[in-house]
$ cat upload_4.csv   # CSV, C-alpha atoms (C1' of nucleotides)
chain,number,residue,atom,x,y,z
A,811,MET,CA,-72.4,-10.9,80.9
A,812,LEU,CA,-70.4,-8.8,83.2
A,813,THR,CA,-69.7,-6.4,80.4
A,814,PHE,CA,-73.4,-6.1,79.7
A,815,LEU,CA,-73.9,-5.2,83.4
A,816,ALA,CA,-71.1,-2.7,83.4
A,817,ARG,CA,-72.1,-1.0,80.2
A,818,ASN,CA,-75.7,-0.7,81.1
A,819,LYS,CA,-75.1,0.2,84.7
A,820,LEU,CA,-76.8,3.5,84.5
A,821,ILE,CA,-79.9,2.2,82.7
A,822,ILE,CA,-80.3,-0.6,85.2
A,823,LEU,CA,-79.8,1.7,88.1
A,824,TYR,CA,-82.3,4.2,86.7
A,825,GLY,CA,-84.8,1.5,86.0
A,826,THR,CA,-84.5,0.0,89.4
A,827,SER,CA,-84.9,3.4,91.0
A,828,LEU,CA,-88.0,4.1,89.0
A,829,ALA,CA,-89.5,0.8,89.9
A,830,LEU,CA,-88.8,1.4,93.6
A,831,LEU,CA,-90.3,4.9,93.3
A,832,LEU,CA,-93.4,3.6,91.7
A,833,PHE,CA,-93.8,1.0,94.4
A,834,LEU,CA,-93.2,3.8,97.0
A,835,VAL,CA,-95.8,6.0,95.3
A,836,LYS,CA,-98.4,3.2,95.3
A,837,TRP,CA,-97.7,2.4,98.9
A,838,LEU,CA,-98.0,6.0,100.0
A,839,GLU,CA,-101.1,6.3,97.8
A,840,LEU,CA,-102.8,3.4,99.6
A,841,ARG,CA,-102.0,4.8,103.1
A,842,PHE,CA,-103.2,8.3,102.3
A,843,LEU,CA,-106.3,7.0,100.7
A,844,ILE,CA,-107.2,5.6,104.1
A,845,ILE,CA,-106.6,9.0,105.7
A,846,ASN,CA,-108.4,11.0,103.2
A,847,HIS,CA,-108.2,14.4,104.7
A,848,ALA,CA,-104.5,14.5,104.8
A,849,SER,CA,-104.2,14.6,101.0
A,850,GLU,CA,-102.4,18.0,100.9
A,851,VAL,CA,-99.6,16.8,103.1
A,852,TYR,CA,-99.3,13.8,100.9
A,853,ILE,CA,-99.0,15.9,97.7
A,854,GLY,CA,-96.4,18.2,99.3
A,855,ALA,CA,-94.3,15.3,100.5
A,856,ILE,CA,-94.3,13.8,97.0
A,857,ALA,CA,-93.3,17.1,95.4
A,858,VAL,CA,-90.3,17.6,97.7
A,859,LEU,CA,-89.3,13.9,97.6
A,860,PHE,CA,-89.2,13.7,93.8
A,861,THR,CA,-87.4,17.0,93.5
A,862,ALA,CA,-84.6,15.7,95.7
A,863,LEU,CA,-84.6,12.5,93.7
A,864,GLY,CA,-84.2,14.4,90.5
A,865,ILE,CA,-81.2,16.4,91.9
A,866,TRP,CA,-79.6,13.2,93.1
A,867,LEU,CA,-80.0,11.5,89.8
A,868,ALA,CA,-78.6,14.5,87.9
A,869,LEU,CA,-75.5,14.6,90.0
A,870,LYS,CA,-75.0,10.9,89.6
A,871,LEU,CA,-75.5,10.9,85.8
A,872,THR,CA,-73.2,13.7,84.9
A,873,LYS,CA,-69.6,12.7,84.5
A,874,PRO,CA,-66.7,15.2,85.0
A,875,LYS,CA,-65.1,16.3,81.8
A,876,ILE,CA,-61.5,15.3,81.3
A,877,GLU,CA,-59.4,17.9,79.6
A,878,THR,CA,-55.9,16.9,78.4
A,879,VAL,CA,-53.2,19.6,78.4
A,880,VAL,CA,-50.0,18.8,76.5
A,881,VAL,CA,-46.9,20.5,77.9
A,882,GLU,CA,-43.8,20.4,75.7
A,883,LYS,CA,-40.6,20.0,77.7
A,884,ALA,CA,-37.4,21.0,76.0
A,885,ILE,CA,-34.4,18.7,76.5
A,886,TYR,CA,-31.1,20.1,75.3
A,887,ILE,CA,-28.5,17.8,73.8
A,888,ALA,CA,-24.9,19.0,73.5
A,889,SER,CA,-23.7,18.1,70.1
A,890,THR,CA,-19.9,18.2,70.0
A,891,ASP,CA,-19.2,15.5,67.4
A,892,PHE,CA,-18.0,16.9,64.1
A,893,VAL,CA,-19.3,15.2,61.0
A,894,LEU,CA,-17.9,16.3,57.7
A,895,ASN,CA,-20.5,17.6,55.4
A,896,GLU,CA,-19.7,15.5,52.2
A,897,ASN,CA,-22.3,17.2,50.1
A,898,GLU,CA,-20.9,20.7,50.7
A,899,LEU,CA,-17.4,19.4,50.2
A,900,THR,CA,-18.3,17.9,46.8
A,901,LYS,CA,-20.3,21.1,45.9
A,902,ILE,CA,-17.4,23.4,46.7
A,903,GLY,CA,-14.9,21.1,45.1
A,904,LEU,CA,-12.0,21.3,47.5
A,905,SER,CA,-9.3,18.7,46.8
A,906,LYS,CA,-7.9,16.5,49.6
A,907,ARG,CA,-4.7,18.7,49.8
A,908,GLU,CA,-6.7,21.9,49.8
A,909,LEU,CA,-8.9,20.7,52.7
A,910,GLU,CA,-5.7,19.6,54.5
A,911,VAL,CA,-4.2,23.1,54.2
A,912,LEU,CA,-7.5,24.7,55.3
A,913,GLN,CA,-7.6,22.6,58.4
A,914,LEU,CA,-4.0,23.7,59.3
A,915,ILE,CA,-4.9,27.3,58.6
A,916,ALA,CA,-7.8,27.0,61.0
A,917,ASN,CA,-5.5,25.5,63.6
A,918,GLY,CA,-3.6,28.7,63.5
A,919,LEU,CA,-0.5,27.8,61.6
A,920,SER,CA,1.3,30.3,59.3
A,921,ASN,CA,1.9,29.4,55.6
A,922,GLN,CA,5.6,28.6,56.4
A,923,GLU,CA,4.6,26.4,59.3
A,924,ILE,CA,2.2,24.5,57.1
A,925,ALA,CA,4.9,24.1,54.5
A,926,SER,CA,7.2,22.6,57.1
A,927,ARG,CA,4.5,20.3,58.4
A,928,LEU,CA,3.6,19.0,54.9
A,929,TYR,CA,7.2,18.9,53.5
A,930,VAL,CA,6.5,21.2,50.7
A,931,SER,CA,7.6,24.6,49.7
A,932,LEU,CA,6.0,27.9,50.9
A,933,ASN,CA,4.9,28.6,47.3
A,934,THR,CA,2.9,25.3,47.2
A,935,VAL,CA,1.1,26.3,50.4
A,936,LYS,CA,0.3,29.7,49.0
A,937,THR,CA,-1.1,28.2,45.9
A,938,HIS,CA,-3.3,25.8,47.8
A,939,SER,CA,-4.3,28.6,50.2
A,940,SER,CA,-5.3,30.8,47.2
A,941,LYS,CA,-7.4,28.0,45.7
A,942,VAL,CA,-9.1,27.5,49.0
A,943,LEU,CA,-10.1,31.2,49.2
A,944,GLU,CA,-11.2,31.1,45.6
A,945,LYS,CA,-13.4,28.0,45.9
A,946,LEU,CA,-14.9,29.2,49.2
A,947,ASP,CA,-15.5,32.6,47.6
A,948,VAL,CA,-14.0,34.5,50.4
A,949,LYS,CA,-11.3,37.3,50.7
A,950,ARG,CA,-9.2,36.2,53.6
A,951,ARG,CA,-8.3,33.2,55.7
A,952,THR,CA,-10.4,34.3,58.7
A,953,GLN,CA,-13.5,34.3,56.4
A,954,ALA,CA,-12.5,30.9,55.1
A,955,ILE,CA,-12.3,29.5,58.6
A,956,GLU,CA,-15.7,31.0,59.5
A,957,LYS,CA,-17.4,29.7,56.4
A,958,ALA,CA,-15.8,26.2,56.5
A,959,LYS,CA,-16.9,25.8,60.1
A,960,ARG,CA,-20.4,27.0,59.3
A,961,LEU,CA,-20.6,24.5,56.4
A,962,SER,CA,-19.1,21.7,58.5
A,963,LEU,CA,-16.1,21.2,56.3
A,964,ILE,CA,-13.8,21.5,59.3
A,965,PRO,CA,-14.5,20.9,63.0
B,61,MET,CA,-76.3,44.3,99.9
B,62,LEU,CA,-75.0,43.1,96.5
B,63,THR,CA,-72.5,40.9,98.3
B,64,PHE,CA,-75.3,39.4,100.3
B,65,LEU,CA,-77.1,38.5,97.1
B,66,ALA,CA,-74.0,37.0,95.5
B,67,ARG,CA,-73.0,34.9,98.5
B,68,ASN,CA,-76.5,33.5,99.0
B,69,LYS,CA,-77.3,33.1,95.4
B,70,LEU,CA,-77.9,29.4,95.7
B,71,ILE,CA,-80.1,29.7,98.8
B,72,ILE,CA,-82.2,32.4,97.3
B,73,LEU,CA,-82.6,30.6,94.0
B,74,TYR,CA,-83.5,27.4,95.8
B,75,GLY,CA,-85.9,29.1,98.1
B,76,THR,CA,-87.6,30.9,95.2
B,77,SER,CA,-87.9,27.7,93.3
B,78,LEU,CA,-89.5,26.0,96.3
B,79,ALA,CA,-92.0,28.8,96.7
B,80,LEU,CA,-92.9,28.5,93.1
B,81,LEU,CA,-93.2,24.7,93.5
B,82,LEU,CA,-95.5,25.1,96.5
B,83,PHE,CA,-97.7,27.5,94.5
B,84,LEU,CA,-97.7,25.0,91.6
B,85,VAL,CA,-98.6,22.2,93.9
B,86,LYS,CA,-101.5,24.2,95.4
B,87,TRP,CA,-102.7,25.1,92.0
B,88,LEU,CA,-102.6,21.5,90.7
B,89,GLU,CA,-104.2,20.4,93.9
B,90,LEU,CA,-107.1,22.6,93.4
B,91,ARG,CA,-107.6,21.5,89.8
B,92,PHE,CA,-107.4,17.8,90.6
B,93,LEU,CA,-109.7,18.1,93.6
B,94,ILE,CA,-112.4,19.0,91.1
B,95,ILE,CA,-111.7,15.8,89.1
B,96,ASN,CA,-111.6,13.5,92.1
B,97,HIS,CA,-111.4,10.1,90.4
B,98,ALA,CA,-108.2,10.9,88.6
B,99,SER,CA,-106.1,11.1,91.7
B,100,GLU,CA,-103.8,8.3,90.6
B,101,VAL,CA,-102.9,10.1,87.4
B,102,TYR,CA,-102.4,13.3,89.4
B,103,ILE,CA,-100.0,11.7,91.7
B,104,GLY,CA,-98.0,10.0,88.9
B,105,ALA,CA,-97.8,13.3,87.0
B,106,ILE,CA,-96.5,15.1,90.1
B,107,ALA,CA,-93.8,12.4,90.7
B,108,VAL,CA,-92.5,12.7,87.1
B,109,LEU,CA,-92.8,16.5,87.0
B,110,PHE,CA,-90.8,17.0,90.1
B,111,THR,CA,-88.2,14.5,89.2
B,112,ALA,CA,-87.6,16.4,86.0
B,113,LEU,CA,-87.5,19.6,87.9
B,114,GLY,CA,-84.9,18.3,90.3
B,115,ILE,CA,-82.7,17.2,87.4
B,116,TRP,CA,-83.1,20.5,85.8
B,117,LEU,CA,-82.1,22.3,89.0
B,118,ALA,CA,-79.1,20.2,89.6
B,119,LEU,CA,-77.8,20.8,86.1
B,120,LYS,CA,-78.3,24.5,86.5
B,121,LEU,CA,-76.9,24.8,89.9
B,122,THR,CA,-73.8,22.6,89.5
B,123,LYS,CA,-71.1,23.3,87.1
B,124,PRO,CA,-69.6,20.2,85.4
B,125,LYS,CA,-66.4,19.2,87.1
B,126,ILE,CA,-63.4,19.6,84.8
B,127,GLU,CA,-60.5,17.3,85.5
B,128,THR,CA,-57.3,18.4,83.9
B,129,VAL,CA,-54.7,15.9,83.0
B,130,VAL,CA,-51.2,17.2,82.2
B,131,VAL,CA,-49.1,15.2,79.7
B,132,GLU,CA,-45.5,16.1,79.2
B,133,LYS,CA,-44.0,15.7,75.7
B,134,ALA,CA,-40.3,15.6,75.4
B,135,ILE,CA,-38.7,17.7,72.6
B,136,TYR,CA,-35.0,17.2,72.0
B,137,ILE,CA,-33.1,20.3,70.9
B,138,ALA,CA,-29.5,20.3,69.9
B,139,SER,CA,-27.7,22.7,72.2
B,140,THR,CA,-26.0,25.3,70.0
B,141,ASP,CA,-26.2,28.2,72.4
B,142,PHE,CA,-22.9,29.8,73.2
B,143,VAL,CA,-22.3,30.6,76.9
B,144,LEU,CA,-19.4,32.9,77.6
B,145,ASN,CA,-16.8,31.5,79.9
B,146,GLU,CA,-16.6,34.5,82.3
B,147,ASN,CA,-13.8,32.9,84.4
B,148,GLU,CA,-11.4,32.6,81.4
B,149,LEU,CA,-12.4,36.1,80.3
B,150,THR,CA,-11.5,37.5,83.6
B,151,LYS,CA,-8.3,35.5,83.8
B,152,ILE,CA,-7.1,36.6,80.4
B,153,GLY,CA,-8.1,40.2,81.1
B,154,LEU,CA,-9.7,41.2,77.7
B,155,SER,CA,-11.5,44.5,77.9
B,156,LYS,CA,-15.0,44.8,76.4
B,157,ARG,CA,-13.6,46.6,73.4
B,158,GLU,CA,-10.9,44.1,72.8
B,159,LEU,CA,-13.4,41.2,73.0
B,160,GLU,CA,-15.6,43.1,70.6
B,161,VAL,CA,-12.8,43.4,68.1
B,162,LEU,CA,-11.9,39.7,68.5
B,163,GLN,CA,-15.4,38.7,67.7
B,164,LEU,CA,-15.4,40.7,64.5
B,165,ILE,CA,-12.0,39.3,63.5
B,166,ALA,CA,-13.5,35.8,64.0
B,167,ASN,CA,-16.4,36.8,61.8
B,168,GLY,CA,-13.9,37.3,59.0
B,169,LEU,CA,-13.8,41.1,58.9
B,170,SER,CA,-10.5,42.9,58.0
B,171,ASN,CA,-9.1,45.6,60.2
B,172,GLN,CA,-10.4,48.3,58.0
B,173,GLU,CA,-13.9,46.8,57.9
B,174,ILE,CA,-13.8,46.6,61.7
B,175,ALA,CA,-12.8,50.2,61.9
B,176,SER,CA,-15.7,51.2,59.8
B,177,ARG,CA,-18.1,49.1,61.8
B,178,LEU,CA,-17.0,50.6,65.1
B,179,TYR,CA,-16.6,54.2,63.8
B,180,VAL,CA,-12.9,54.3,64.8
B,181,SER,CA,-9.7,54.6,62.9
B,182,LEU,CA,-7.7,51.7,61.5
B,183,ASN,CA,-4.9,52.5,64.0
B,184,THR,CA,-7.3,52.0,66.9
B,185,VAL,CA,-8.3,48.6,65.6
B,186,LYS,CA,-4.7,47.6,65.1
B,187,THR,CA,-4.0,48.6,68.7
B,188,HIS,CA,-6.9,46.5,70.0
B,189,SER,CA,-5.9,43.6,67.8
B,190,SER,CA,-2.3,43.7,69.0
B,191,LYS,CA,-3.5,43.7,72.6
B,192,VAL,CA,-5.8,40.7,71.9
B,193,LEU,CA,-2.9,38.7,70.5
B,194,GLU,CA,-0.7,39.7,73.4
B,195,LYS,CA,-3.3,38.8,76.1
B,196,LEU,CA,-4.1,35.5,74.4
B,197,ASP,CA,-0.4,34.8,74.0
B,198,VAL,CA,-0.6,34.0,70.3
B,199,LYS,CA,1.2,35.1,67.2
B,200,ARG,CA,-1.6,35.7,64.6
B,201,ARG,CA,-5.3,36.2,64.4
B,202,THR,CA,-6.0,32.6,63.2
B,203,GLN,CA,-4.4,31.4,66.4
B,204,ALA,CA,-6.4,33.9,68.4
B,205,ILE,CA,-9.7,32.7,66.9
B,206,GLU,CA,-8.8,29.0,67.5
B,207,LYS,CA,-7.9,29.7,71.2
B,208,ALA,CA,-10.8,32.0,71.9
B,209,LYS,CA,-13.3,29.4,70.6
B,210,ARG,CA,-11.6,26.6,72.6
B,211,LEU,CA,-11.8,28.8,75.8
B,212,SER,CA,-15.4,29.8,75.0
B,213,LEU,CA,-14.6,33.5,74.8
B,214,ILE,CA,-16.4,33.7,71.4
B,215,PRO,CA,-19.1,31.5,69.9
C,1128,DC,C1',-3.1,65.8,93.5
C,1129,DC,C1',-1.3,61.4,91.5
C,1130,DC,C1',-1.7,56.9,89.6
C,1131,DC,C1',-3.8,53.4,86.8
C,1132,DC,C1',-6.6,51.7,83.1
C,1133,DG,C1',-9.2,51.9,78.9
C,1134,DT,C1',-9.9,54.1,74.6
C,1135,DT,C1',-8.4,56.5,70.7
C,1136,DC,C1',-5.0,58.0,67.4
C,1137,DA,C1',-0.5,58.6,64.9
C,1138,DT,C1',4.0,57.1,62.7
C,1139,DC,C1',7.5,54.1,61.0
C,1140,DC,C1',8.9,49.6,59.9
C,1141,DT,C1',8.8,44.5,59.2
C,1142,DT,C1',6.5,40.3,58.2
C,1143,DT,C1',3.0,37.8,56.3
C,1144,DC,C1',-0.6,37.2,53.2
C,1145,DG,C1',-2.7,37.1,48.8
C,1146,DG,C1',-3.1,38.0,43.6
C,1147,DG,C1',-1.2,37.2,39.2
C,1148,DT,C1',1.5,34.6,35.9
C,1149,DG,C1',3.8,30.7,34.4
C,1150,DA,C1',6.0,26.1,34.3
C,1151,DT,C1',6.8,21.2,35.5
C,1152,DT,C1',5.7,16.8,37.4
C,1153,DT,C1',2.5,13.4,39.1
C,1154,DT,C1',-1.8,11.2,39.4
C,1155,DT,C1',-6.3,10.0,37.8
C,1156,DC,C1',-9.8,8.6,34.6
C,1157,DG,C1',-12.3,7.7,30.2
D,88,DC,C1',-2.8,5.8,25.9
D,89,DG,C1',-3.8,10.7,26.1
D,90,DA,C1',-6.3,14.3,28.3
D,91,DA,C1',-7.5,16.5,32.4
D,92,DA,C1',-6.9,17.3,37.1
D,93,DA,C1',-4.0,17.7,41.1
D,94,DA,C1',0.2,18.8,43.2
D,95,DT,C1',4.4,21.2,43.2
D,96,DC,C1',7.4,25.1,42.5
D,97,DA,C1',9.1,29.9,41.1
D,98,DC,C1',8.9,34.9,40.8
D,99,DC,C1',7.0,39.7,41.2
D,100,DC,C1',4.2,42.9,43.6
D,101,DG,C1',0.8,45.2,46.4
D,102,DA,C1',-2.3,44.7,50.4
D,103,DA,C1',-2.9,43.6,55.0
D,104,DA,C1',-1.4,42.3,59.4
D,105,DG,C1',1.6,43.0,63.1
D,106,DG,C1',5.4,45.2,66.2
D,107,DA,C1',7.3,49.2,68.4
D,108,DT,C1',7.0,53.7,70.1
D,109,DG,C1',4.6,57.6,71.6
D,110,DA,C1',0.8,60.8,72.9
D,111,DA,C1',-3.8,62.7,74.5
D,112,DC,C1',-8.0,62.2,77.0
D,113,DG,C1',-11.4,60.7,80.4
D,114,DG,C1',-12.9,58.2,84.5
D,115,DG,C1',-12.2,56.1,88.9
D,116,DG,C1',-9.9,55.5,93.2
D,117,DG,C1',-6.5,56.4,96.9

$ encode --input "upload_4.csv" --output "structure tokens"
Amino acid sequence: MLTFLARNKLIILYGTSLALLLFLVKWLELRFLIINHASEVYIGAIAVLFTALGIWLALKLTKPKIETVVVEKAIYIASTDFVLNENELTKIGLSKRELEVLQLIANGLSNQEIASRLYVSLNTVKTHSSKVLEKLDVKRRTQAIEKAKRLSLIP
Amino acid sequence: MLTFLARNKLIILYGTSLALLLFLVKWLELRFLIINHASEVYIGAIAVLFTALGIWLALKLTKPKIETVVVEKAIYIASTDFVLNENELTKIGLSKRELEVLQLIANGLSNQEIASRLYVSLNTVKTHSSKVLEKLDVKRRTQAIEKAKRLSLIP
DNA sequence: CCCCCGTTCATCCTTTCGGGTGATTTTTCG
DNA sequence: CGAAAAATCACCCGAAAGGATGAACGGGGG
């Protein structure tokens, strides 16, 4: 019931207004029929009155347009956690020992220092280091470091 | 003159319309005075006509109001942009050239490749490289890279 | 004018890295 | 169990990096 009133609010308003207007017209018509020689004033009044009514109705009936503007707001997230890229690791085929040596190289250790750290000989480290360069398809350890970080093999 | 017209555009338009309406009213009045017994129809027609005219005028004279609603949409972006740590750079005292060479070392270039890139001799690059190691207080370029990244001197 | 700093370049020498070749031992997997 | 892969080790040699020393030049500031 209330929804019916709300939905048809404009129609009811317009209908009531027209009914009132017709009543007003009839009433004015009867009064001016008595004063017969004043018909020109009567007509002029009606013209102005109903023009104003039309303007009022038009302003009431037009709804303002609603325009939605979407503004994208960038929120930056610092990503500092390293996650090993297992896919790349499998693809490149580094062994556990080779990856270990690569990490120590990237930490700035010399071959001899790595050998001491891992309790192996310098020759062993050189062998692993060479395999790392070969599998990463690079020419020197600085390139290996850069590529391994880029591929998320080392942090 | 033109500004007067532009500023009073509505007034002039409304006045002209009213003049036209009065003319129309007078004209209709003369025609319906001839057919005297049809005064009721005449009045009804005037009422409807001028209501429509008012509506038309209102639509022409008023622009529809546009209401703008701004909606913010959050977009999350991982922050990968490097920001140089100027404090550390000043503290360590690397020159522009030295920093440039360090960056190229970290990109995996050999000394000879850096020399070609910068149009200088290999000796010049070795000199800068040595100064970089000295100022960073490290023993080899892999250590320099690691430290420079840690201190946000290079991306 | 002198001093300092940055840039460039050279030379000599040492150390480290990287390529190549080969072998042995250990571990993993079908 | 046997084959393949991984790990370990050795040796030779050249390339590259790094240390030390020195010099020349230009620009800026006192």

$ interface_residues --input "upload_4.csv" --of "chain B" --to "chain D" --cutoff "12 Å" --atoms "only C-alpha atoms (C1' of nucleotides)" --output "list in words"
Ile165, Leu169, Ser170, Asn171, Gln172, Glu173, Leu182, Asn183, Val185, Lys186, Thr187, His188, Ser189, Ser190, Lys191, Val192, Leu193, Glu194, Val198, Lys199, Arg200, Arg201 and Thr202 of chain B

$ atom_distance --input "upload_4.csv" --atom1 "CA of Asn167 (chain B)" --atom2 "CA of Ile214 (chain B)"
10.1 Å

$ atom_distance --input "upload_4.csv" --atom1 "CA of Ala916 (chain A)" --atom2 "CA of Phe142 (chain B)"
19.6 Å

$ closest_atom_pairs --input "upload_4.csv" --of "chain C" --to "chain B" --cutoff "12 Å" --atoms "all atoms listed in the file" --output "Markdown table"
| residue | atom | partner | partner_atom | distance |
| --- | --- | --- | --- | --- |
| C:DC1132 | C1' | B:Ser155 | CA | 10.1 |
| C:DG1133 | C1' | B:Ser155 | CA | 7.8 |
| C:DT1134 | C1' | B:Thr184 | CA | 8.4 |
| C:DT1135 | C1' | B:Thr184 | CA | 6.0 |
| C:DC1136 | C1' | B:Thr184 | CA | 6.4 |
| C:DA1137 | C1' | B:Asn183 | CA | 7.6 |
| C:DT1138 | C1' | B:Asn183 | CA | 10.1 |
| C:DT1142 | C1' | B:Arg200 | CA | 11.3 |
| C:DT1143 | C1' | B:Arg200 | CA | 9.7 |
| C:DC1144 | C1' | B:Arg200 | CA | 11.5 |

$ write_last_selection --input "upload_4.csv" --atoms "C-alpha atoms (C1' of nucleotides)" --output "compact mmCIF listing (two decimals), keeping the file's coordinate frame"
# COMPACT_ATOMS: atom_id res chain seq x y z
C1' DC C 1132 -6.60 51.70 83.10
C1' DG C 1133 -9.20 51.90 78.90
C1' DT C 1134 -9.90 54.10 74.60
C1' DT C 1135 -8.40 56.50 70.70
C1' DC C 1136 -5.00 58.00 67.40
C1' DA C 1137 -0.50 58.60 64.90
C1' DT C 1138 4.00 57.10 62.70
C1' DT C 1142 6.50 40.30 58.20
C1' DT C 1143 3.00 37.80 56.30
C1' DC C 1144 -0.60 37.20 53.20

$ atom_distance --input "upload_4.csv" --atom1 "CA of Pro215 (chain B)" --atom2 "CA of Gln913 (chain A)"
18.5 Å

$ closest_residue --input "upload_4.csv" --among "B:Val143, B:Leu149, B:Val161, B:Ile205" --to "chain A" --atoms "only C-alpha atoms"
B:Ile205

$ closest_residue --input "upload_4.csv" --among "B:Gln203, B:Ala208, B:Ile174, B:Leu213" --to "chain A" --atoms "only C-alpha atoms"
B:Gln203

$ closest_residue --input "upload_4.csv" --among "A:Gly903, A:Val881, A:Leu928, A:Leu909" --to "chain B" --atoms "all atoms listed in the file"
A:Val881

$ closest_residue --input "upload_4.csv" --among "A:Glu898, A:Glu956, A:Asp947, A:Glu910" --to "chain B" --atoms "all atoms listed in the file"
A:Glu956

$ closest_residue --input "upload_4.csv" --among "A:Asn897, A:Leu904, A:Arg927, A:Leu914" --to "chain B" --atoms "only C-alpha atoms"
A:Leu914
